[in-house]
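Trainee: So here's model-v3.tsv, just TSV, C-alpha atoms (C1' of nucleotides):
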```tsv
chain	number	residue	atom	x	y	z
I	174	MET	CA	-256.94	-19.92	70.35
I	175	LYS	CA	-257.82	-21.78	67.21
I	176	ASN	CA	-259.43	-20.08	64.24
I	177	LYS	CA	-261.14	-20.88	60.96
I	178	ILE	CA	-260.06	-17.82	59.05
I	179	LYS	CA	-258.44	-19.80	56.27
I	180	ILE	CA	-261.60	-21.86	55.75
I	181	HIS	CA	-263.93	-18.89	55.58
I	182	ARG	CA	-261.47	-17.02	53.43
I	183	ALA	CA	-261.57	-19.96	51.04
I	184	ILE	CA	-265.37	-20.06	51.12
I	185	HIS	CA	-265.44	-16.41	50.14
I	186	ASN	CA	-262.60	-16.92	47.68
I	187	LEU	CA	-260.44	-14.12	49.03
I	188	THR	CA	-256.66	-13.84	49.09
I	189	GLN	CA	-254.96	-12.80	52.31
I	190	GLU	CA	-254.34	-9.41	50.79
I	191	GLU	CA	-257.94	-8.91	49.68
I	192	LEU	CA	-259.19	-9.84	53.12
I	193	ALA	CA	-256.63	-7.53	54.69
I	194	ASN	CA	-257.85	-4.63	52.56
I	195	LYS	CA	-261.48	-5.31	53.36
I	196	ILE	CA	-260.91	-5.05	57.08
I	197	CYS	CA	-258.16	-2.42	56.90
I	198	VAL	CA	-255.17	-4.33	58.21
I	199	SER	CA	-251.92	-5.44	56.65
I	200	ARG	CA	-251.55	-8.75	54.86
I	201	GLN	CA	-249.14	-9.90	57.56
I	202	THR	CA	-251.78	-9.36	60.18
I	203	ILE	CA	-253.99	-11.80	58.32
I	204	ASN	CA	-251.17	-14.21	57.70
I	205	THR	CA	-249.94	-14.38	61.28
I	206	MET	CA	-253.48	-14.40	62.66
I	207	GLU	CA	-254.38	-17.25	60.36
I	208	SER	CA	-251.40	-19.25	61.54
I	209	GLY	CA	-252.39	-18.63	65.16
I	210	LYS	CA	-249.33	-16.62	66.11
I	211	TYR	CA	-251.36	-14.07	68.00
I	212	ILE	CA	-254.80	-13.24	69.20
I	213	PRO	CA	-256.47	-10.37	67.37
I	214	SER	CA	-258.41	-7.56	68.96
I	215	THR	CA	-262.15	-7.88	69.40
I	216	ALA	CA	-262.63	-5.15	66.81
I	217	LEU	CA	-260.82	-7.23	64.21
I	218	SER	CA	-262.62	-10.45	65.02
I	219	LEU	CA	-265.97	-8.67	64.90
I	220	LYS	CA	-265.14	-7.19	61.51
I	221	MET	CA	-264.03	-10.51	60.08
I	222	ALA	CA	-267.00	-12.39	61.48
I	223	LYS	CA	-269.34	-9.79	60.05
I	224	LEU	CA	-267.66	-9.93	56.67
I	225	PHE	CA	-267.92	-13.72	56.61
I	226	GLY	CA	-271.45	-13.71	57.93
I	227	VAL	CA	-270.61	-15.85	60.94
I	228	SER	CA	-270.27	-15.32	64.68
I	229	VAL	CA	-267.00	-14.56	66.42
I	230	GLU	CA	-267.49	-17.87	68.23
I	231	GLU	CA	-267.63	-19.69	64.89
I	232	LEU	CA	-264.47	-18.00	63.72
I	233	PHE	CA	-262.39	-18.23	66.92
I	234	GLN	CA	-262.34	-20.94	69.54
I	235	LEU	CA	-260.73	-20.80	72.94
I	236	GLU	CA	-258.53	-23.73	73.86
I	237	ARG	CA	-257.72	-24.99	77.33
I	238	GLY	CA	-254.81	-22.79	78.34
I	239	ASP	CA	-256.02	-19.45	77.14
J	286	MET	CA	-266.60	0.00	70.21
J	287	LYS	CA	-269.49	0.01	72.60
J	288	ASN	CA	-270.03	-2.73	75.14
J	289	LYS	CA	-272.61	-4.03	77.58
J	290	ILE	CA	-270.24	-5.41	80.16
J	291	LYS	CA	-271.69	-3.36	82.99
J	292	ILE	CA	-275.21	-4.55	82.20
J	293	HIS	CA	-274.32	-8.23	82.07
J	294	ARG	CA	-272.15	-7.87	85.11
J	295	ALA	CA	-275.18	-6.45	86.90
J	296	ILE	CA	-277.40	-9.27	85.64
J	297	HIS	CA	-274.94	-11.77	87.09
J	298	ASN	CA	-274.47	-9.66	90.20
J	299	LEU	CA	-270.70	-9.56	90.00
J	300	THR	CA	-268.33	-6.85	91.17
J	301	GLN	CA	-265.60	-5.70	88.82
J	302	GLU	CA	-263.11	-7.59	90.95
J	303	GLU	CA	-265.10	-10.82	90.94
J	304	LEU	CA	-265.47	-10.67	87.19
J	305	ALA	CA	-261.76	-9.91	86.84
J	306	ASN	CA	-260.90	-12.99	88.90
J	307	LYS	CA	-263.22	-15.22	86.93
J	308	ILE	CA	-261.57	-14.38	83.65
J	309	CYS	CA	-258.06	-13.95	85.07
J	310	VAL	CA	-257.41	-10.27	84.46
J	311	SER	CA	-256.91	-7.33	86.76
J	312	ARG	CA	-259.76	-5.24	88.08
J	313	GLN	CA	-258.48	-2.27	86.13
J	314	THR	CA	-258.75	-4.21	82.93
J	315	ILE	CA	-262.44	-4.67	83.63
J	316	ASN	CA	-262.87	-1.08	84.71
J	317	THR	CA	-261.20	0.49	81.71
J	318	MET	CA	-262.79	-1.98	79.32
J	319	GLU	CA	-266.19	-1.22	80.79
J	320	SER	CA	-265.67	2.48	80.29
J	321	GLY	CA	-264.66	1.89	76.68
J	322	LYS	CA	-261.10	3.12	77.04
J	323	TYR	CA	-259.70	0.26	75.00
J	324	ILE	CA	-260.63	-2.74	72.95
J	325	PRO	CA	-259.95	-6.09	74.59
J	326	SER	CA	-258.44	-9.10	72.91
J	327	THR	CA	-260.67	-11.69	71.29
J	328	ALA	CA	-259.66	-14.17	73.98
J	329	LEU	CA	-261.02	-11.88	76.67
J	330	SER	CA	-264.25	-11.10	74.89
J	331	LEU	CA	-264.81	-14.80	74.22
J	332	LYS	CA	-264.27	-15.61	77.88
J	333	MET	CA	-266.61	-12.90	79.07
J	334	ALA	CA	-269.30	-13.76	76.56
J	335	LYS	CA	-269.07	-17.41	77.56
J	336	LEU	CA	-269.27	-16.54	81.25
J	337	PHE	CA	-272.33	-14.37	80.66
J	338	GLY	CA	-273.93	-16.87	78.33
J	339	VAL	CA	-274.15	-14.41	75.45
J	340	SER	CA	-272.40	-13.94	72.12
J	341	VAL	CA	-269.43	-11.66	71.60
J	342	GLU	CA	-271.68	-9.69	69.26
J	343	GLU	CA	-274.18	-9.15	72.07
J	344	LEU	CA	-271.46	-7.96	74.41
J	345	PHE	CA	-269.47	-5.77	72.01
J	346	GLN	CA	-270.69	-3.61	69.14
J	347	LEU	CA	-268.62	-1.95	66.47
J	348	GLU	CA	-269.32	1.70	65.84
J	349	ARG	CA	-268.73	3.61	62.63
J	350	GLY	CA	-265.11	4.63	62.92
J	351	ASP	CA	-263.59	1.41	64.18
E	207	DA	C1'	-267.80	8.59	113.24
E	208	DC	C1'	-265.42	4.60	111.56
E	209	DT	C1'	-264.51	0.63	108.55
E	210	DT	C1'	-265.37	-1.88	104.62
E	211	DT	C1'	-266.76	-2.53	99.89
E	212	DA	C1'	-267.27	-1.12	95.17
E	213	DT	C1'	-265.91	1.97	91.86
E	214	DG	C1'	-263.29	5.78	89.15
E	215	DT	C1'	-259.05	7.35	87.80
E	216	DA	C1'	-254.16	7.89	86.78
E	217	DA	C1'	-249.18	7.04	85.92
E	218	DA	C1'	-245.42	3.91	84.86
E	219	DA	C1'	-244.00	-0.50	83.33
E	220	DT	C1'	-244.49	-4.63	80.55
E	221	DA	C1'	-246.53	-7.62	77.08
E	222	DT	C1'	-248.42	-8.11	72.86
E	223	DA	C1'	-250.93	-6.71	68.55
E	224	DC	C1'	-250.07	-4.64	64.26
E	225	DT	C1'	-247.21	-2.35	60.54
E	226	DT	C1'	-243.62	-1.94	57.33
E	227	DT	C1'	-240.18	-3.80	54.64
E	228	DA	C1'	-238.12	-7.45	52.78
E	229	DC	C1'	-236.91	-11.95	50.98
E	230	DA	C1'	-237.98	-16.85	49.69
E	231	DT	C1'	-240.90	-20.24	47.37
E	232	DA	C1'	-244.34	-22.68	44.83
E	233	DA	C1'	-247.97	-22.28	41.27
E	234	DT	C1'	-249.68	-20.29	37.09
E	235	DG	C1'	-249.88	-18.09	32.66
E	236	DG	C1'	-247.47	-15.56	28.89
B	194	DC	C1'	-238.12	-19.47	30.54
B	195	DC	C1'	-239.87	-15.23	32.60
B	196	DA	C1'	-243.27	-12.51	35.05
B	197	DT	C1'	-246.91	-12.53	38.19
B	198	DT	C1'	-249.69	-14.01	42.04
B	199	DA	C1'	-250.42	-16.00	46.52
B	200	DT	C1'	-248.36	-17.44	50.53
B	201	DG	C1'	-244.78	-18.17	54.44
B	202	DT	C1'	-241.55	-16.11	57.27
B	203	DA	C1'	-238.70	-12.87	59.81
B	204	DA	C1'	-236.83	-8.64	61.97
B	205	DA	C1'	-237.43	-3.95	63.66
B	206	DG	C1'	-240.45	-0.45	64.87
B	207	DT	C1'	-244.85	1.60	66.62
B	208	DA	C1'	-249.28	1.45	68.86
B	209	DT	C1'	-252.04	-0.33	72.20
B	210	DA	C1'	-253.71	-3.75	75.74
B	211	DT	C1'	-252.90	-5.27	80.36
B	212	DT	C1'	-250.65	-5.09	84.97
B	213	DT	C1'	-249.28	-3.04	89.12
B	214	DT	C1'	-249.60	0.35	92.47
B	215	DA	C1'	-251.84	3.93	94.32
B	216	DC	C1'	-255.17	7.37	95.73
B	217	DA	C1'	-259.90	9.37	95.95
B	218	DT	C1'	-264.83	8.88	96.71
B	219	DA	C1'	-269.39	7.39	97.63
B	220	DA	C1'	-272.39	3.93	99.75
B	221	DA	C1'	-273.50	0.69	103.38
B	222	DG	C1'	-273.07	-1.43	107.76
B	223	DT	C1'	-271.61	-1.23	112.81
```
Would you write the structure of this file as structure tokens?
Mentor:
Amino acid sequence: MKNKIKIHRAIHNLTQEELANKICVSRQTINTMESGKYIPSTALSLKMAKLFGVSVEELFQLERGD
Amino acid sequence: MKNKIKIHRAIHNLTQEELANKICVSRQTINTMESGKYIPSTALSLKMAKLFGVSVEELFQLERGD
DNA sequence: ACTTTATGTAAAATATACTTTACATAATGG
DNA sequence: CCATTATGTAAAGTATATTTTACATAAAGT
């Protein structure tokens, strides 16, 4: 799984902590998600996509292997 | 989280087991997901949405409270 | 009636998401 | 310089997704 969280966070000019607060998770959740260390729940990806005004598919991309 | 898995599974005329095989999870994962007992990972929802030819947003909807 | 197929459900085990706390670092502003 | 802000990282703990096995049931076909 690849993701474009960092890009859309930059577009919206949010820090990891601000984003975390907006979707009610810890900053580490954002940080580790952003660096691809784990795959978030569908609830989280829906919330982030909604906040950024994009689709889940725009924000997260499957890679061969997952 | 609400979902329309059962509907799209019906549209594609797949049993729970067939769907499970296609996205490499157990039948119980499909069954419990379908009945809303837990929220799947983004990888799973992306795979299902892709298989059904719909968006993750079409397949899963946030509810107030999650 | 009997067998098969699809589904619902449930309990225990395992994997993984997510939190909390903490420390390190680079960048910035006083 | 010193304090603050934003980020990276890591370890331990908790919550939850997913698997495996199993049993029950209803529907459909023979």
Trainee: Can you move chain I onto chain J by a least-squares fit over all C-alpha atoms paired in order, then give me the moved copy as a PDB file with C-alpha atoms, in the coordinates of the input?
Mentor:
```pdb
ATOM      1  CA  MET I 174    -266.606  -0.010  70.203  1.00  0.00           C
ATOM      2  CA  LYS I 175    -269.492   0.011  72.605  1.00  0.00           C
ATOM      3  CA  ASN I 176    -270.019  -2.735  75.152  1.00  0.00           C
ATOM      4  CA  LYS I 177    -272.609  -4.035  77.586  1.00  0.00           C
ATOM      5  CA  ILE I 178    -270.245  -5.419  80.170  1.00  0.00           C
ATOM      6  CA  LYS I 179    -271.694  -3.360  82.986  1.00  0.00           C
ATOM      7  CA  ILE I 180    -275.220  -4.559  82.193  1.00  0.00           C
ATOM      8  CA  HIS I 181    -274.324  -8.228  82.077  1.00  0.00           C
ATOM      9  CA  ARG I 182    -272.161  -7.848  85.134  1.00  0.00           C
ATOM     10  CA  ALA I 183    -275.199  -6.440  86.911  1.00  0.00           C
ATOM     11  CA  ILE I 184    -277.406  -9.268  85.648  1.00  0.00           C
ATOM     12  CA  HIS I 185    -274.958 -11.760  87.091  1.00  0.00           C
ATOM     13  CA  ASN I 186    -274.493  -9.643  90.203  1.00  0.00           C
ATOM     14  CA  LEU I 187    -270.714  -9.547  90.018  1.00  0.00           C
ATOM     15  CA  THR I 188    -268.338  -6.827  91.169  1.00  0.00           C
ATOM     16  CA  GLN I 189    -265.589  -5.694  88.824  1.00  0.00           C
ATOM     17  CA  GLU I 190    -263.114  -7.578  90.948  1.00  0.00           C
ATOM     18  CA  GLU I 191    -265.115 -10.809  90.955  1.00  0.00           C
ATOM     19  CA  LEU I 192    -265.477 -10.660  87.199  1.00  0.00           C
ATOM     20  CA  ALA I 193    -261.778  -9.918  86.858  1.00  0.00           C
ATOM     21  CA  ASN I 194    -260.908 -12.991  88.915  1.00  0.00           C
ATOM     22  CA  LYS I 195    -263.241 -15.216  86.942  1.00  0.00           C
ATOM     23  CA  ILE I 196    -261.575 -14.381  83.662  1.00  0.00           C
ATOM     24  CA  CYS I 197    -258.061 -13.959  85.071  1.00  0.00           C
ATOM     25  CA  VAL I 198    -257.422 -10.279  84.478  1.00  0.00           C
ATOM     26  CA  SER I 199    -256.907  -7.336  86.781  1.00  0.00           C
ATOM     27  CA  ARG I 200    -259.777  -5.247  88.083  1.00  0.00           C
ATOM     28  CA  GLN I 201    -258.459  -2.276  86.119  1.00  0.00           C
ATOM     29  CA  THR I 202    -258.738  -4.235  82.924  1.00  0.00           C
ATOM     30  CA  ILE I 203    -262.427  -4.673  83.626  1.00  0.00           C
ATOM     31  CA  ASN I 204    -262.860  -1.100  84.719  1.00  0.00           C
ATOM     32  CA  THR I 205    -261.192   0.487  81.710  1.00  0.00           C
ATOM     33  CA  MET I 206    -262.790  -1.995  79.318  1.00  0.00           C
ATOM     34  CA  GLU I 207    -266.186  -1.241  80.776  1.00  0.00           C
ATOM     35  CA  SER I 208    -265.661   2.468  80.289  1.00  0.00           C
ATOM     36  CA  GLY I 209    -264.636   1.870  76.675  1.00  0.00           C
ATOM     37  CA  LYS I 210    -261.073   3.089  77.026  1.00  0.00           C
ATOM     38  CA  TYR I 211    -259.694   0.224  75.004  1.00  0.00           C
ATOM     39  CA  ILE I 212    -260.642  -2.742  72.940  1.00  0.00           C
ATOM     40  CA  PRO I 213    -259.959  -6.096  74.571  1.00  0.00           C
ATOM     41  CA  SER I 214    -258.423  -9.100  72.898  1.00  0.00           C
ATOM     42  CA  THR I 215    -260.653 -11.689  71.283  1.00  0.00           C
ATOM     43  CA  ALA I 216    -259.636 -14.161  73.975  1.00  0.00           C
ATOM     44  CA  LEU I 217    -260.998 -11.866  76.666  1.00  0.00           C
ATOM     45  CA  SER I 218    -264.230 -11.097  74.870  1.00  0.00           C
ATOM     46  CA  LEU I 219    -264.807 -14.791  74.215  1.00  0.00           C
ATOM     47  CA  LYS I 220    -264.247 -15.599  77.876  1.00  0.00           C
ATOM     48  CA  MET I 221    -266.594 -12.883  79.067  1.00  0.00           C
ATOM     49  CA  ALA I 222    -269.285 -13.760  76.555  1.00  0.00           C
ATOM     50  CA  LYS I 223    -269.065 -17.395  77.565  1.00  0.00           C
ATOM     51  CA  LEU I 224    -269.258 -16.535  81.237  1.00  0.00           C
ATOM     52  CA  PHE I 225    -272.320 -14.364  80.649  1.00  0.00           C
ATOM     53  CA  GLY I 226    -273.908 -16.867  78.321  1.00  0.00           C
ATOM     54  CA  VAL I 227    -274.142 -14.427  75.433  1.00  0.00           C
ATOM     55  CA  SER I 228    -272.394 -13.934  72.104  1.00  0.00           C
ATOM     56  CA  VAL I 229    -269.424 -11.651  71.591  1.00  0.00           C
ATOM     57  CA  GLU I 230    -271.675  -9.674  69.246  1.00  0.00           C
ATOM     58  CA  GLU I 231    -274.172  -9.144  72.070  1.00  0.00           C
ATOM     59  CA  LEU I 232    -271.448  -7.968  74.395  1.00  0.00           C
ATOM     60  CA  PHE I 233    -269.460  -5.751  71.996  1.00  0.00           C
ATOM     61  CA  GLN I 234    -270.697  -3.616  69.147  1.00  0.00           C
ATOM     62  CA  LEU I 235    -268.632  -1.961  66.470  1.00  0.00           C
ATOM     63  CA  GLU I 236    -269.340   1.698  65.848  1.00  0.00           C
ATOM     64  CA  ARG I 237    -268.777   3.632  62.650  1.00  0.00           C
ATOM     65  CA  GLY I 238    -265.135   4.626  62.926  1.00  0.00           C
ATOM     66  CA  ASP I 239    -263.638   1.424  64.178  1.00  0.00           C
TER      67      ASP I 239
END
```
Trainee: I'd like to know which of B:DT207, B:DT212, B:DT223, B:DT200 is closest to DA219 of chain E, using only C-alpha atoms (C1' of nucleotides).
Mentor: B:DT212
Trainee: How far is it from atom CA of Met286 of chain J to atom CA of Thr215 of chain I, in Å with one decimal?
Mentor: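 Spanning atom CA of Met286 of chain J to atom CA of Thr215 of chain I is a straight-line distance of 9.1 Å.
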Trainee: When you look at DC229 of chain E with a cut-off of 12 Å (counting all atoms listed in the file), what residues show up, excluding the ones that are within fewer than 4 positions of it in the same chain? I need them as an MDAnalysis selection string.
Mentor: chainID B and resid 201:204
Trainee: Restrict the distance test to all atoms listed in the file, flag each residue of chain J within 12 Å of chain I, and return the flagged residues as a PyMOL selection string.
Mentor: chain J and resi 286-288+308-310+318+323-335+339-351
Trainee: Include C-alpha atoms and write out the residues we just selected as a compact mmCIF listing (two decimals), in the frame of the given file.
Mentor:
```
# COMPACT_ATOMS: atom_id res chain seq x y z
CA MET J 286 -266.60 0.00 70.21
CA LYS J 287 -269.49 0.01 72.60
CA ASN J 288 -270.03 -2.73 75.14
CA ILE J 308 -261.57 -14.38 83.65
CA CYS J 309 -258.06 -13.95 85.07
CA VAL J 310 -257.41 -10.27 84.46
CA MET J 318 -262.79 -1.98 79.32
CA TYR J 323 -259.70 0.26 75.00
CA ILE J 324 -260.63 -2.74 72.95
CA PRO J 325 -259.95 -6.09 74.59
CA SER J 326 -258.44 -9.10 72.91
CA THR J 327 -260.67 -11.69 71.29
CA ALA J 328 -259.66 -14.17 73.98
CA LEU J 329 -261.02 -11.88 76.67
CA SER J 330 -264.25 -11.10 74.89
CA LEU J 331 -264.81 -14.80 74.22
CA LYS J 332 -264.27 -15.61 77.88
CA MET J 333 -266.61 -12.90 79.07
CA ALA J 334 -269.30 -13.76 76.56
CA LYS J 335 -269.07 -17.41 77.56
CA VAL J 339 -274.15 -14.41 75.45
CA SER J 340 -272.40 -13.94 72.12
CA VAL J 341 -269.43 -11.66 71.60
CA GLU J 342 -271.68 -9.69 69.26
CA GLU J 343 -274.18 -9.15 72.07
CA LEU J 344 -271.46 -7.96 74.41
CA PHE J 345 -269.47 -5.77 72.01
CA GLN J 346 -270.69 -3.61 69.14
CA LEU J 347 -268.62 -1.95 66.47
CA GLU J 348 -269.32 1.70 65.84
CA ARG J 349 -268.73 3.61 62.63
CA GLY J 350 -265.11 4.63 62.92
CA ASP J 351 -263.59 1.41 64.18
```
Trainee: Compute the chain B side of the contact with chain J at 9 Å, counting all atoms listed in the file, and hand it back as a PDB file with C-alpha atoms (C1' of nucleotides), in the frame of the given file.
Mentor:
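Final file, iface-v9.pdb:
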```
ATOM      1  C1'  DT B 209    -252.040  -0.330  72.200  1.00  0.00           C
ATOM      2  C1'  DA B 210    -253.710  -3.750  75.740  1.00  0.00           C
ATOM      3  C1'  DT B 211    -252.900  -5.270  80.360  1.00  0.00           C
ATOM      4  C1'  DT B 212    -250.650  -5.090  84.970  1.00  0.00           C
TER       5       DT B 212
END
```
Trainee: Will you model N, CA and C atoms for segment 317-345 of chain J and pass it back as a PDB file, in the frame of the given file?
Mentor:
```
ATOM      1  N   THR J 317    -261.482  -0.323  82.889  1.00  0.00           N
ATOM      2  CA  THR J 317    -261.200   0.490  81.710  1.00  0.00           C
ATOM      3  C   THR J 317    -261.900  -0.064  80.474  1.00  0.00           C
ATOM      4  N   MET J 318    -262.034  -1.371  80.409  1.00  0.00           N
ATOM      5  CA  MET J 318    -262.790  -1.980  79.320  1.00  0.00           C
ATOM      6  C   MET J 318    -264.245  -1.510  79.383  1.00  0.00           C
ATOM      7  N   GLU J 319    -264.793  -1.586  80.577  1.00  0.00           N
ATOM      8  CA  GLU J 319    -266.190  -1.220  80.790  1.00  0.00           C
ATOM      9  C   GLU J 319    -266.447   0.214  80.360  1.00  0.00           C
ATOM     10  N   SER J 320    -265.488   1.081  80.648  1.00  0.00           N
ATOM     11  CA  SER J 320    -265.670   2.480  80.290  1.00  0.00           C
ATOM     12  C   SER J 320    -265.211   2.772  78.863  1.00  0.00           C
ATOM     13  N   GLY J 321    -264.952   1.736  78.097  1.00  0.00           N
ATOM     14  CA  GLY J 321    -264.660   1.890  76.680  1.00  0.00           C
ATOM     15  C   GLY J 321    -263.313   2.490  76.348  1.00  0.00           C
ATOM     16  N   LYS J 322    -262.381   2.476  77.292  1.00  0.00           N
ATOM     17  CA  LYS J 322    -261.100   3.120  77.040  1.00  0.00           C
ATOM     18  C   LYS J 322    -260.197   2.315  76.115  1.00  0.00           C
ATOM     19  N   TYR J 323    -260.401   1.014  76.043  1.00  0.00           N
ATOM     20  CA  TYR J 323    -259.700   0.260  75.000  1.00  0.00           C
ATOM     21  C   TYR J 323    -260.441  -1.003  74.621  1.00  0.00           C
ATOM     22  N   ILE J 324    -260.002  -1.572  73.538  1.00  0.00           N
ATOM     23  CA  ILE J 324    -260.630  -2.740  72.950  1.00  0.00           C
ATOM     24  C   ILE J 324    -259.906  -3.985  73.426  1.00  0.00           C
ATOM     25  N   PRO J 325    -260.613  -4.897  74.062  1.00  0.00           N
ATOM     26  CA  PRO J 325    -259.950  -6.090  74.590  1.00  0.00           C
ATOM     27  C   PRO J 325    -259.567  -7.074  73.494  1.00  0.00           C
ATOM     28  N   SER J 326    -258.786  -8.053  73.857  1.00  0.00           N
ATOM     29  CA  SER J 326    -258.440  -9.100  72.910  1.00  0.00           C
ATOM     30  C   SER J 326    -259.633 -10.021  72.691  1.00  0.00           C
ATOM     31  N   THR J 327    -259.592 -10.748  71.589  1.00  0.00           N
ATOM     32  CA  THR J 327    -260.670 -11.690  71.290  1.00  0.00           C
ATOM     33  C   THR J 327    -260.762 -12.777  72.355  1.00  0.00           C
ATOM     34  N   ALA J 328    -259.638 -13.159  72.925  1.00  0.00           N
ATOM     35  CA  ALA J 328    -259.660 -14.170  73.980  1.00  0.00           C
ATOM     36  C   ALA J 328    -260.492 -13.678  75.160  1.00  0.00           C
ATOM     37  N   LEU J 329    -260.265 -12.445  75.561  1.00  0.00           N
ATOM     38  CA  LEU J 329    -261.020 -11.880  76.670  1.00  0.00           C
ATOM     39  C   LEU J 329    -262.498 -11.770  76.366  1.00  0.00           C
ATOM     40  N   SER J 330    -262.829 -11.269  75.188  1.00  0.00           N
ATOM     41  CA  SER J 330    -264.250 -11.100  74.890  1.00  0.00           C
ATOM     42  C   SER J 330    -264.942 -12.456  74.789  1.00  0.00           C
ATOM     43  N   LEU J 331    -264.230 -13.459  74.264  1.00  0.00           N
ATOM     44  CA  LEU J 331    -264.810 -14.800  74.220  1.00  0.00           C
ATOM     45  C   LEU J 331    -265.062 -15.340  75.629  1.00  0.00           C
ATOM     46  N   LYS J 332    -264.115 -15.123  76.507  1.00  0.00           N
ATOM     47  CA  LYS J 332    -264.270 -15.610  77.880  1.00  0.00           C
ATOM     48  C   LYS J 332    -265.436 -14.943  78.585  1.00  0.00           C
ATOM     49  N   MET J 333    -265.523 -13.625  78.419  1.00  0.00           N
ATOM     50  CA  MET J 333    -266.610 -12.900  79.070  1.00  0.00           C
ATOM     51  C   MET J 333    -267.959 -13.314  78.507  1.00  0.00           C
ATOM     52  N   ALA J 334    -268.036 -13.392  77.191  1.00  0.00           N
ATOM     53  CA  ALA J 334    -269.300 -13.760  76.560  1.00  0.00           C
ATOM     54  C   ALA J 334    -269.737 -15.145  77.045  1.00  0.00           C
ATOM     55  N   LYS J 335    -268.783 -16.057  77.088  1.00  0.00           N
ATOM     56  CA  LYS J 335    -269.070 -17.410  77.560  1.00  0.00           C
ATOM     57  C   LYS J 335    -269.584 -17.389  79.000  1.00  0.00           C
ATOM     58  N   LEU J 336    -268.871 -16.642  79.839  1.00  0.00           N
ATOM     59  CA  LEU J 336    -269.270 -16.540  81.250  1.00  0.00           C
ATOM     60  C   LEU J 336    -270.683 -15.986  81.385  1.00  0.00           C
ATOM     61  N   PHE J 337    -271.016 -15.009  80.570  1.00  0.00           N
ATOM     62  CA  PHE J 337    -272.330 -14.370  80.660  1.00  0.00           C
ATOM     63  C   PHE J 337    -273.399 -15.135  79.873  1.00  0.00           C
ATOM     64  N   GLY J 338    -272.967 -16.101  79.122  1.00  0.00           N
ATOM     65  CA  GLY J 338    -273.930 -16.870  78.330  1.00  0.00           C
ATOM     66  C   GLY J 338    -274.504 -16.087  77.158  1.00  0.00           C
ATOM     67  N   VAL J 339    -273.706 -15.174  76.616  1.00  0.00           N
ATOM     68  CA  VAL J 339    -274.150 -14.410  75.450  1.00  0.00           C
ATOM     69  C   VAL J 339    -273.078 -14.492  74.369  1.00  0.00           C
ATOM     70  N   SER J 340    -273.386 -13.953  73.195  1.00  0.00           N
ATOM     71  CA  SER J 340    -272.400 -13.940  72.120  1.00  0.00           C
ATOM     72  C   SER J 340    -271.486 -12.724  72.273  1.00  0.00           C
ATOM     73  N   VAL J 341    -270.340 -12.809  71.629  1.00  0.00           N
ATOM     74  CA  VAL J 341    -269.430 -11.660  71.600  1.00  0.00           C
ATOM     75  C   VAL J 341    -270.148 -10.467  70.969  1.00  0.00           C
ATOM     76  N   GLU J 342    -270.952 -10.755  69.956  1.00  0.00           N
ATOM     77  CA  GLU J 342    -271.680  -9.690  69.260  1.00  0.00           C
ATOM     78  C   GLU J 342    -272.694  -8.998  70.175  1.00  0.00           C
ATOM     79  N   GLU J 343    -273.259  -9.761  71.114  1.00  0.00           N
ATOM     80  CA  GLU J 343    -274.180  -9.150  72.070  1.00  0.00           C
ATOM     81  C   GLU J 343    -273.417  -8.257  73.046  1.00  0.00           C
ATOM     82  N   LEU J 344    -272.217  -8.658  73.374  1.00  0.00           N
ATOM     83  CA  LEU J 344    -271.460  -7.960  74.410  1.00  0.00           C
ATOM     84  C   LEU J 344    -270.693  -6.751  73.859  1.00  0.00           C
ATOM     85  N   PHE J 345    -270.241  -6.846  72.624  1.00  0.00           N
ATOM     86  CA  PHE J 345    -269.470  -5.770  72.010  1.00  0.00           C
ATOM     87  C   PHE J 345    -270.048  -5.364  70.664  1.00  0.00           C
TER      88      PHE J 345
END
```
